[in-house]
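Asks: Got a file for you: protein26.txt, compact mmCIF, C-alpha atoms (C1' of nucleotides).
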# COMPACT_ATOMS: atom_id res chain seq x y z
CA MET A 168 88.74 38.72 65.47
CA ILE A 169 87.01 40.21 62.48
CA GLU A 170 85.94 43.15 64.56
CA THR A 171 89.54 43.73 65.53
CA PHE A 172 90.57 43.68 61.89
CA ALA A 173 87.79 46.07 60.98
CA ALA A 174 88.80 48.47 63.71
CA LEU A 175 92.44 48.46 62.64
CA ALA A 176 91.58 48.71 58.96
CA GLU A 177 90.65 52.35 59.33
CA PRO A 178 93.75 54.50 58.75
CA ASN A 179 93.07 57.07 61.43
CA ARG A 180 92.19 54.40 63.94
CA PHE A 181 95.38 52.61 63.10
CA ARG A 182 97.30 55.82 63.70
CA ILE A 183 95.59 56.24 67.04
CA VAL A 184 96.62 52.75 68.05
CA GLU A 185 100.16 53.42 66.98
CA LEU A 186 100.16 56.63 68.94
CA LEU A 187 98.79 54.99 72.06
CA ARG A 188 101.58 52.48 71.96
CA ALA A 189 103.72 55.18 73.53
CA GLY A 190 101.31 55.46 76.41
CA PRO A 191 97.88 56.80 77.43
CA ARG A 192 96.68 59.99 75.83
CA ALA A 193 93.78 62.36 76.29
CA VAL A 194 91.36 62.90 73.44
CA ASN A 195 92.55 66.39 72.62
CA GLU A 196 96.18 65.29 72.66
CA ILE A 197 95.38 62.59 70.13
CA GLY A 198 93.52 65.06 67.97
CA GLU A 199 96.43 67.47 67.96
CA SER A 200 99.03 64.83 67.32
CA LEU A 201 97.18 63.35 64.39
CA HIS A 202 95.50 66.51 63.12
CA LEU A 203 92.01 65.19 63.58
CA ASN A 204 88.91 67.01 64.70
CA GLN A 205 87.81 66.20 68.19
CA PRO A 206 84.51 64.55 67.27
CA GLN A 207 86.27 62.20 64.88
CA VAL A 208 88.75 61.25 67.53
CA SER A 209 85.96 60.52 69.97
CA LYS A 210 84.13 58.44 67.41
CA HIS A 211 87.18 56.42 66.50
CA LEU A 212 88.02 55.90 70.13
CA ARG A 213 84.48 54.70 70.63
CA VAL A 214 84.97 52.03 68.02
CA LEU A 215 88.32 51.03 69.42
CA LYS A 216 86.84 50.85 72.88
CA ASP A 217 83.81 48.83 71.79
CA VAL A 218 86.14 46.36 70.20
CA GLY A 219 88.25 46.28 73.31
CA LEU A 220 91.45 47.60 71.80
CA VAL A 221 91.55 50.52 74.20
CA GLY A 222 90.37 51.32 77.67
CA VAL A 223 89.42 54.62 79.23
CA GLN A 224 90.49 56.24 82.42
CA ALA A 225 88.81 59.44 83.53
CA ARG A 226 90.92 62.21 85.00
CA ALA A 227 89.02 65.36 85.76
CA GLN A 228 87.16 66.30 82.60
CA GLN A 229 89.73 64.52 80.51
CA ARG A 230 89.56 60.91 79.41
CA LEU A 231 92.82 59.08 79.12
CA TYR A 232 92.68 56.33 76.54
CA GLU A 233 95.15 53.53 76.78
CA LEU A 234 95.93 50.55 74.65
CA ARG A 235 94.87 47.16 75.95
CA GLY A 236 96.60 43.92 75.18
CA GLN A 237 93.73 41.49 75.10
CA ARG A 238 92.70 41.85 71.46
CA LEU A 239 96.28 42.07 70.26
CA ARG A 240 97.03 38.87 72.09
CA GLU A 241 94.07 37.22 70.42
CA LEU A 242 95.38 38.43 67.10
CA HIS A 243 98.71 36.90 67.94
CA ASP A 244 97.11 33.60 68.93
CA TRP A 245 95.20 33.54 65.68
CA LEU A 246 98.37 34.17 63.75
CA GLU A 247 100.11 31.34 65.54
CA ARG A 248 97.83 28.90 63.80
CA TYR A 249 99.37 30.04 60.54
CA ARG A 250 102.92 30.07 61.82
CA ASP A 251 104.18 27.22 59.65
CA LEU A 252 103.13 29.32 56.71
CA TRP A 253 105.36 32.26 57.45
CA ASP A 254 107.82 31.14 60.04
CA ALA A 255 109.83 29.26 57.44
CA ARG A 256 111.43 30.49 54.26
CA PHE A 257 108.24 29.55 52.45
CA ASP A 258 107.65 33.06 51.28
CA ASP A 259 110.58 33.18 48.93
CA LEU A 260 109.47 29.83 47.63
CA ASP A 261 106.06 31.25 46.98
CA ASP A 262 107.59 33.80 44.69
CA LEU A 263 109.38 31.03 42.86
CA ILE A 264 106.24 28.98 42.55
CA GLU A 265 104.45 32.00 41.19
CA GLU A 266 107.05 32.41 38.50
CA LEU A 267 107.27 28.73 37.71
CA THR A 268 103.52 28.63 37.37
CA GLU A 269 103.70 31.20 34.63
CA LYS A 270 106.34 29.07 32.98
CA GLU A 271 104.30 25.90 33.35
CA LYS A 272 101.56 27.44 31.33
CA SER A 273 103.74 27.32 28.26
CA ASP A 274 105.22 23.97 29.25
CA ASP A 275 101.77 22.47 29.55
CA ARG A 276 100.90 23.80 26.20
CA ARG A 277 103.94 22.17 24.67
CA LYS A 278 103.53 18.78 26.26
CA GLY A 279 99.77 18.89 25.83
CA ASN A 280 99.07 18.28 29.49
CA MET B 122 99.41 46.60 56.93
CA ILE B 123 96.12 48.46 56.80
CA GLU B 124 95.30 46.79 53.53
CA THR B 125 95.84 43.43 55.15
CA PHE B 126 93.49 44.38 57.96
CA ALA B 127 90.91 45.60 55.49
CA ALA B 128 91.10 42.38 53.53
CA LEU B 129 90.68 40.24 56.62
CA ALA B 130 87.93 42.41 58.03
CA GLU B 131 85.47 41.04 55.52
CA PRO B 132 83.75 37.95 56.97
CA ASN B 133 83.68 35.90 53.81
CA ARG B 134 87.24 36.77 52.99
CA PHE B 135 88.23 35.77 56.46
CA ARG B 136 86.49 32.45 55.97
CA ILE B 137 88.30 31.93 52.69
CA VAL B 138 91.62 32.54 54.40
CA GLU B 139 90.72 30.10 57.13
CA LEU B 140 89.73 27.55 54.55
CA LEU B 141 92.91 27.98 52.57
CA ARG B 142 94.92 27.30 55.68
CA ALA B 143 94.22 23.64 55.00
CA GLY B 144 95.78 23.93 51.58
CA PRO B 145 95.18 25.25 48.06
CA ARG B 146 91.66 25.22 46.69
CA ALA B 147 90.02 25.89 43.37
CA VAL B 148 87.47 28.66 43.11
CA ASN B 149 84.48 26.37 42.80
CA GLU B 150 85.62 24.31 45.77
CA ILE B 151 85.80 27.41 47.88
CA GLY B 152 82.37 28.46 46.74
CA GLU B 153 80.86 25.12 47.63
CA SER B 154 82.58 24.88 50.98
CA LEU B 155 81.50 28.32 52.07
CA HIS B 156 78.18 28.48 50.23
CA LEU B 157 79.13 31.49 48.19
CA ASN B 158 78.30 32.32 44.59
CA GLN B 159 81.16 31.91 42.20
CA PRO B 160 81.45 35.59 41.22
CA GLN B 161 81.68 36.61 44.85
CA VAL B 162 84.40 34.10 45.47
CA SER B 163 86.36 35.39 42.51
CA LYS B 164 85.96 38.96 43.67
CA HIS B 165 87.06 38.19 47.20
CA LEU B 166 90.00 36.21 45.92
CA ARG B 167 90.91 39.17 43.77
CA VAL B 168 91.11 41.38 46.82
CA LEU B 169 93.08 38.81 48.75
CA LYS B 170 95.45 38.41 45.86
CA ASP B 171 95.90 42.14 45.33
CA VAL B 172 96.82 42.45 48.96
CA GLY B 173 99.17 39.52 48.65
CA LEU B 174 97.47 37.22 51.10
CA VAL B 175 96.99 34.54 48.47
CA GLY B 176 98.67 33.43 45.29
CA VAL B 177 97.25 31.70 42.25
CA GLN B 178 98.34 28.63 40.41
CA ALA B 179 96.64 27.70 37.16
CA ARG B 180 95.81 24.08 36.51
CA ALA B 181 93.87 23.47 33.33
CA GLN B 182 90.91 25.79 33.45
CA GLN B 183 90.98 25.79 37.20
CA ARG B 184 92.84 28.26 39.36
CA LEU B 185 94.25 26.99 42.58
CA TYR B 186 94.46 29.66 45.21
CA GLU B 187 96.87 29.21 48.05
CA LEU B 188 97.65 31.16 51.16
CA ARG B 189 100.90 33.06 51.23
CA GLY B 190 102.89 33.81 54.35
CA GLN B 191 104.34 37.19 53.55
CA ARG B 192 101.52 39.39 54.75
CA LEU B 193 100.86 37.24 57.78
CA ARG B 194 104.48 37.51 58.72
CA GLU B 195 104.28 41.28 58.42
CA LEU B 196 101.28 41.20 60.65
CA HIS B 197 103.26 39.18 63.13
CA ASP B 198 106.18 41.59 62.98
CA TRP B 199 103.85 44.49 63.58
CA LEU B 200 102.35 42.75 66.57
CA GLU B 201 105.79 42.12 68.00
CA ARG B 202 106.20 45.82 68.57
CA TYR B 203 103.29 45.60 70.97
CA ARG B 204 104.43 42.43 72.63
CA ASP B 205 105.12 43.96 76.04
CA LEU B 206 101.49 44.98 76.02
CA TRP B 207 100.04 41.54 75.74
CA ASP B 208 102.81 39.10 76.47
CA ALA B 209 102.53 39.75 80.19
CA ARG B 210 99.54 39.40 82.46
CA PHE B 211 98.76 43.06 81.84
CA ASP B 212 95.32 42.27 80.52
CA ASP B 213 93.83 41.19 83.78
CA LEU B 214 95.32 44.31 85.31
CA ASP B 215 93.56 46.38 82.71
CA ASP B 216 90.27 45.03 83.89
CA LEU B 217 91.17 46.01 87.43
CA ILE B 218 92.22 49.46 86.37
CA GLU B 219 88.95 49.84 84.55
CA GLU B 220 87.03 49.03 87.70
CA LEU B 221 89.20 51.14 89.95
CA THR B 222 88.73 54.03 87.59
CA GLU B 223 85.02 53.87 88.11
CA LYS B 224 85.65 53.87 91.82
CA GLU B 225 88.06 56.79 91.60
CA LYS B 226 85.37 58.93 90.16
CA SER B 227 83.54 58.91 93.48
CA ASP B 228 86.78 59.06 95.42
CA ASP B 229 87.84 62.17 93.55
CA ARG B 230 84.55 63.74 94.27
CA ARG B 231 84.97 63.12 97.97
CA LYS B 232 88.51 64.33 98.32
CA GLY B 233 87.96 67.19 95.89
CA ASN B 234 90.88 66.20 93.68
C1' DC C 201 75.32 77.22 90.57
C1' DA C 202 76.97 79.68 86.45
C1' DG C 203 80.50 79.59 83.14
C1' DG C 204 84.16 77.17 80.80
C1' DC C 205 86.71 73.30 79.23
C1' DA C 206 86.91 68.38 77.62
C1' DT C 207 84.47 64.98 75.48
C1' DA C 208 80.43 62.61 73.46
C1' DT C 209 76.50 62.34 70.38
C1' DG C 210 73.26 63.38 66.56
C1' DC C 211 72.35 64.44 61.85
C1' DC C 212 73.53 64.84 57.11
C1' DT C 213 76.12 64.00 53.03
C1' DT C 214 79.18 61.30 50.41
C1' DG C 215 82.30 57.61 49.03
C1' DA C 216 83.33 52.79 49.32
C1' DT C 217 82.03 48.08 49.02
C1' DG C 218 79.50 43.74 48.95
C1' DA C 219 75.74 40.95 46.82
C1' DG C 220 73.29 39.44 42.74
C1' DC C 221 72.82 38.79 38.05
C1' DA C 222 74.31 38.76 33.33
C1' DT C 223 78.04 38.21 30.57
C1' DA C 224 82.83 38.01 28.96
C1' DT C 225 87.16 35.42 28.79
C1' DA C 226 90.12 31.27 29.09
C1' DC C 227 90.98 26.63 28.32
C1' DG C 228 90.54 21.66 27.16
C1' DC C 229 88.10 18.27 24.53
C1' DG C 230 85.91 15.92 20.93
C1' DC D 179 86.87 25.00 15.78
C1' DG D 180 82.60 24.82 18.34
C1' DC D 181 81.07 23.46 22.93
C1' DG D 182 81.17 22.93 27.87
C1' DT D 183 83.44 23.95 32.06
C1' DA D 184 85.95 27.17 35.22
C1' DT D 185 86.72 31.68 36.33
C1' DA D 186 86.71 36.77 35.84
C1' DT D 187 84.45 41.17 35.03
C1' DG D 188 80.80 44.75 34.48
C1' DC D 189 76.69 46.88 36.10
C1' DT D 190 73.24 48.15 39.49
C1' DC D 191 71.39 48.50 43.92
C1' DA D 192 71.56 48.78 48.85
C1' DT D 193 74.12 49.27 52.96
C1' DC D 194 77.44 51.30 55.80
C1' DA D 195 80.90 54.04 57.68
C1' DA D 196 83.65 58.32 57.87
C1' DG D 197 83.96 63.34 57.87
C1' DG D 198 82.02 67.85 59.09
C1' DC D 199 79.29 70.62 61.80
C1' DA D 200 76.20 71.69 65.54
C1' DT D 201 75.08 70.60 69.96
C1' DA D 202 74.49 67.90 74.18
C1' DT D 203 76.65 66.08 78.35
C1' DG D 204 79.98 65.82 82.10
C1' DC D 205 82.93 67.87 85.31
C1' DC D 206 85.63 71.54 87.59
C1' DT D 207 86.26 76.17 89.43
C1' DG D 208 85.22 80.55 91.26
Go through the file and emit its structure as structure tokens.
Replies:
Amino acid sequence: MIETFAALAEPNRFRIVELLRAGPRAVNEIGESLHLNQPQVSKHLRVLKDVGLVGVQARAQQRLYELRGQRLRELHDWLERYRDLWDARFDDLDDLIEELTEKEKSDDRRKGN
Amino acid sequence: MIETFAALAEPNRFRIVELLRAGPRAVNEIGESLHLNQPQVSKHLRVLKDVGLVGVQARAQQRLYELRGQRLRELHDWLERYRDLWDARFDDLDDLIEELTEKEKSDDRRKGN
DNA sequence: CAGGCATATGCCTTGATGAGCATATACGCG
DNA sequence: CGCGTATATGCTCATCAAGGCATATGCCTG
């Protein structure tokens, strides 16, 4: 889980993942699309592959990288455990609470709580 | 999005988030539960708060940190765009493809593709 | 099997970040 | 209002990861 987060936390890696959502790509294609040097692309793909976010498929001297669902599904499963936190309208309430908390500070002071 | 990933990519921060799933906690409680020094807890909470994963609520000299849903919901929304990738049984297929790819390498060699 | 293309790896430098410790700030209480 | 508790911040050190460049490896073609 943490490894997945770490992999996706890197901007260029995130862009690669987003790009691969459209389908498999060769290393040079990725590099051109995202304006990255080839070695960097390879290195990032290595990380993504080690984590299991992508898989490779060799075609001639090219390597087609494709997104894999496994880790994303795990991410989803993890998120599910927090569903009650965000599935409701809690978020807007949070904002309210935040504001009220500020207010309480002065209230507390007044009533000596 | 990336900031959320970065925040969750740190092991101790991840543990804090998991802990806060059970409900709001004061800084010292978190520290004791996770065996972390107080300054570290504060620093991690700072990051989590800056990213918006947690909110604070002051009570006396304590600060109760609580998980917020916003960022997790965004994460969920982002994942949704990849749903077709993991919602099906594609994953097992990926494993197959991986294996077949290895096999193809020799096949290609034989048939001179 | 030599040359060329596609990709991977190694090395170096640099910036970011976490841990630890000391210390500052905030707040309630006597 | 001074003291103790709860939390935040500053500083330093060590680690790590990303970018750039050079180069190695793999594979195809003539």
Asks: What's around DC179 (chain D) at 12 Å? Count all atoms listed in the file, leave out sequence neighbours fewer than 2 positions away in its own chain, and write the answer as a list in words.
Replies: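 Neighbouring residues, sequence-local ones excluded: DC229 and DG230 of chain C; DC181 of chain D.
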Asks: Give the residues of chain A that lie within 9 Å of chain C; count all atoms listed in the file, and format the answer as a CSV table (one decimal) with C-alpha atoms, in the frame of the given file.
Replies:
chain,number,residue,atom,x,y,z
A,194,VAL,CA,91.4,62.9,73.4
A,195,ASN,CA,92.6,66.4,72.6
A,205,GLN,CA,87.8,66.2,68.2
A,206,PRO,CA,84.5,64.6,67.3
A,209,SER,CA,86.0,60.5,70.0
A,210,LYS,CA,84.1,58.4,67.4
A,227,ALA,CA,89.0,65.4,85.8
A,228,GLN,CA,87.2,66.3,82.6
A,229,GLN,CA,89.7,64.5,80.5
A,230,ARG,CA,89.6,60.9,79.4
Asks: Hey, can I get the axis-aligned box for region 187-192 of chain D? All listed atoms, 8 Å padding on each side, centre and edge lengths in Å to one decimal, as JSON.
Replies:
{"center_x": 77.9, "center_y": 45.0, "center_z": 41.7, "size_x": 29.1, "size_y": 23.6, "size_z": 30.4}
Asks: Which polymer residues have any atom within 12 Å of an atom of Asp171 (chain B), counting all atoms listed in the file, with same-chain residues fewer than 3 positions away left out, as a list in words?
Replies: Glu124, Thr125, Ala127, Ala128, Lys164, His165, Leu166, Arg167, Val168, Leu174, Val175, Gly176, Val177, Arg189 and Arg192 of chain B
Asks: Hey, can you check how far CA of Leu193 (chain B) sits from C1' of DA196 (chain D)?
Replies: 27.2 Å
Asks: Take C1' of DC199 (chain D) and CA of Glu177 (chain A) and report the distance between them in Å, one decimal.
Replies: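 Distance between the two atoms: 21.7 Å.
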Asks: Using CA of Leu140 (chain B) and C1' of DA184 (chain D) as the two end points, give the distance in Å to one decimal.
Replies: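 The value is 19.7 Å.
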Asks: Please determine the contact residues of chain D with respect to chain B at a cut-off of 12 Å, counting only C-alpha atoms (C1' of nucleotides), and supply them as an MDAnalysis selection string.
Replies: chainID D and resid 182:188 204:207
Asks: Determine the nearest neighbour of chain A from the options B:Ile137, B:Gly173, B:Phe126, B:Leu185, counting all atoms listed in the file.
Replies: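 The closest residue to chain A is B:Phe126.
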Asks: Would you pick out the contacts of Arg146 (chain B) at 7 Å or less, using all atoms listed in the file, so that residues sharing its chain but fewer than 3 positions from it are not included, and give the list as a list of chain:residue names?
Replies: B:Leu141, B:Glu150, B:Ile151, B:Leu185, B:Tyr186, B:Glu187
Asks: Using all atoms listed in the file, which of A:Leu201, A:Arg240, A:Arg248, A:Ala189 sits nearest chain B?
Replies: A:Arg240
Asks: Which residue gives the smallest distance to chain A among B:Val138, B:Asn133, B:Ile123, B:Ser154, with all atoms listed in the file counted?
Replies: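 Of all the options, B:Ile123 lies closest to chain A.
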Asks: Nearest to chain A among B:Met122, B:Leu157, B:Leu169, B:Leu206, with distances taken over only C-alpha atoms: which residue is it?
Replies: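 Of all the options, B:Leu206 lies closest to chain A.
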Asks: Could I see region 194-211 of chain A restored to N, CA, C and O atoms, set down as a PDB file, keeping the file's coordinate frame?
Replies:
ATOM      1  N   VAL A 194      91.980  62.747  74.752  1.00  0.00           N
ATOM      2  CA  VAL A 194      91.360  62.900  73.440  1.00  0.00           C
ATOM      3  C   VAL A 194      91.931  64.088  72.670  1.00  0.00           C
ATOM      4  O   VAL A 194      92.288  63.964  71.493  1.00  0.00           O
ATOM      5  N   ASN A 195      92.044  65.212  73.330  1.00  0.00           N
ATOM      6  CA  ASN A 195      92.550  66.390  72.620  1.00  0.00           C
ATOM      7  C   ASN A 195      94.005  66.213  72.196  1.00  0.00           C
ATOM      8  O   ASN A 195      94.398  66.647  71.117  1.00  0.00           O
ATOM      9  N   GLU A 196      94.785  65.552  73.024  1.00  0.00           N
ATOM     10  CA  GLU A 196      96.180  65.290  72.660  1.00  0.00           C
ATOM     11  C   GLU A 196      96.246  64.463  71.374  1.00  0.00           C
ATOM     12  O   GLU A 196      97.027  64.757  70.467  1.00  0.00           O
ATOM     13  N   ILE A 197      95.413  63.443  71.321  1.00  0.00           N
ATOM     14  CA  ILE A 197      95.380  62.590  70.130  1.00  0.00           C
ATOM     15  C   ILE A 197      95.002  63.418  68.911  1.00  0.00           C
ATOM     16  O   ILE A 197      95.639  63.335  67.861  1.00  0.00           O
ATOM     17  N   GLY A 198      93.971  64.237  69.083  1.00  0.00           N
ATOM     18  CA  GLY A 198      93.520  65.060  67.970  1.00  0.00           C
ATOM     19  C   GLY A 198      94.627  65.969  67.460  1.00  0.00           C
ATOM     20  O   GLY A 198      94.821  66.091  66.245  1.00  0.00           O
ATOM     21  N   GLU A 199      95.353  66.569  68.386  1.00  0.00           N
ATOM     22  CA  GLU A 199      96.430  67.470  67.960  1.00  0.00           C
ATOM     23  C   GLU A 199      97.556  66.703  67.286  1.00  0.00           C
ATOM     24  O   GLU A 199      98.050  67.104  66.244  1.00  0.00           O
ATOM     25  N   SER A 200      97.925  65.613  67.887  1.00  0.00           N
ATOM     26  CA  SER A 200      99.030  64.830  67.320  1.00  0.00           C
ATOM     27  C   SER A 200      98.734  64.366  65.908  1.00  0.00           C
ATOM     28  O   SER A 200      99.605  64.376  65.043  1.00  0.00           O
ATOM     29  N   LEU A 201      97.505  63.949  65.690  1.00  0.00           N
ATOM     30  CA  LEU A 201      97.180  63.350  64.390  1.00  0.00           C
ATOM     31  C   LEU A 201      96.415  64.295  63.475  1.00  0.00           C
ATOM     32  O   LEU A 201      95.986  63.899  62.394  1.00  0.00           O
ATOM     33  N   HIS A 202      96.224  65.528  63.929  1.00  0.00           N
ATOM     34  CA  HIS A 202      95.500  66.510  63.120  1.00  0.00           C
ATOM     35  C   HIS A 202      94.108  66.014  62.761  1.00  0.00           C
ATOM     36  O   HIS A 202      93.728  65.971  61.585  1.00  0.00           O
ATOM     37  N   LEU A 203      93.387  65.634  63.778  1.00  0.00           N
ATOM     38  CA  LEU A 203      92.010  65.190  63.580  1.00  0.00           C
ATOM     39  C   LEU A 203      91.088  66.057  64.422  1.00  0.00           C
ATOM     40  O   LEU A 203      91.473  66.533  65.496  1.00  0.00           O
ATOM     41  N   ASN A 204      89.884  66.255  63.928  1.00  0.00           N
ATOM     42  CA  ASN A 204      88.910  67.010  64.700  1.00  0.00           C
ATOM     43  C   ASN A 204      88.469  66.190  65.906  1.00  0.00           C
ATOM     44  O   ASN A 204      88.397  64.963  65.855  1.00  0.00           O
ATOM     45  N   GLN A 205      88.167  66.869  66.940  1.00  0.00           N
ATOM     46  CA  GLN A 205      87.810  66.200  68.190  1.00  0.00           C
ATOM     47  C   GLN A 205      86.688  65.185  68.042  1.00  0.00           C
ATOM     48  O   GLN A 205      86.805  64.055  68.553  1.00  0.00           O
ATOM     49  N   PRO A 206      85.593  65.550  67.383  1.00  0.00           N
ATOM     50  CA  PRO A 206      84.510  64.550  67.270  1.00  0.00           C
ATOM     51  C   PRO A 206      84.966  63.261  66.595  1.00  0.00           C
ATOM     52  O   PRO A 206      84.590  62.173  67.024  1.00  0.00           O
ATOM     53  N   GLN A 207      85.775  63.400  65.565  1.00  0.00           N
ATOM     54  CA  GLN A 207      86.270  62.200  64.880  1.00  0.00           C
ATOM     55  C   GLN A 207      87.091  61.345  65.820  1.00  0.00           C
ATOM     56  O   GLN A 207      86.954  60.122  65.846  1.00  0.00           O
ATOM     57  N   VAL A 208      87.930  62.003  66.587  1.00  0.00           N
ATOM     58  CA  VAL A 208      88.750  61.250  67.530  1.00  0.00           C
ATOM     59  C   VAL A 208      87.855  60.484  68.498  1.00  0.00           C
ATOM     60  O   VAL A 208      88.048  59.287  68.720  1.00  0.00           O
ATOM     61  N   SER A 209      86.872  61.168  69.027  1.00  0.00           N
ATOM     62  CA  SER A 209      85.960  60.520  69.970  1.00  0.00           C
ATOM     63  C   SER A 209      85.265  59.327  69.330  1.00  0.00           C
ATOM     64  O   SER A 209      85.133  58.260  69.929  1.00  0.00           O
ATOM     65  N   LYS A 210      84.827  59.523  68.098  1.00  0.00           N
ATOM     66  CA  LYS A 210      84.130  58.440  67.410  1.00  0.00           C
ATOM     67  C   LYS A 210      85.050  57.249  67.174  1.00  0.00           C
ATOM     68  O   LYS A 210      84.657  56.096  67.386  1.00  0.00           O
ATOM     69  N   HIS A 211      86.239  57.523  66.742  1.00  0.00           N
ATOM     70  CA  HIS A 211      87.180  56.420  66.500  1.00  0.00           C
ATOM     71  C   HIS A 211      87.515  55.717  67.808  1.00  0.00           C
ATOM     72  O   HIS A 211      87.594  54.490  67.857  1.00  0.00           O
TER      73      HIS A 211
END
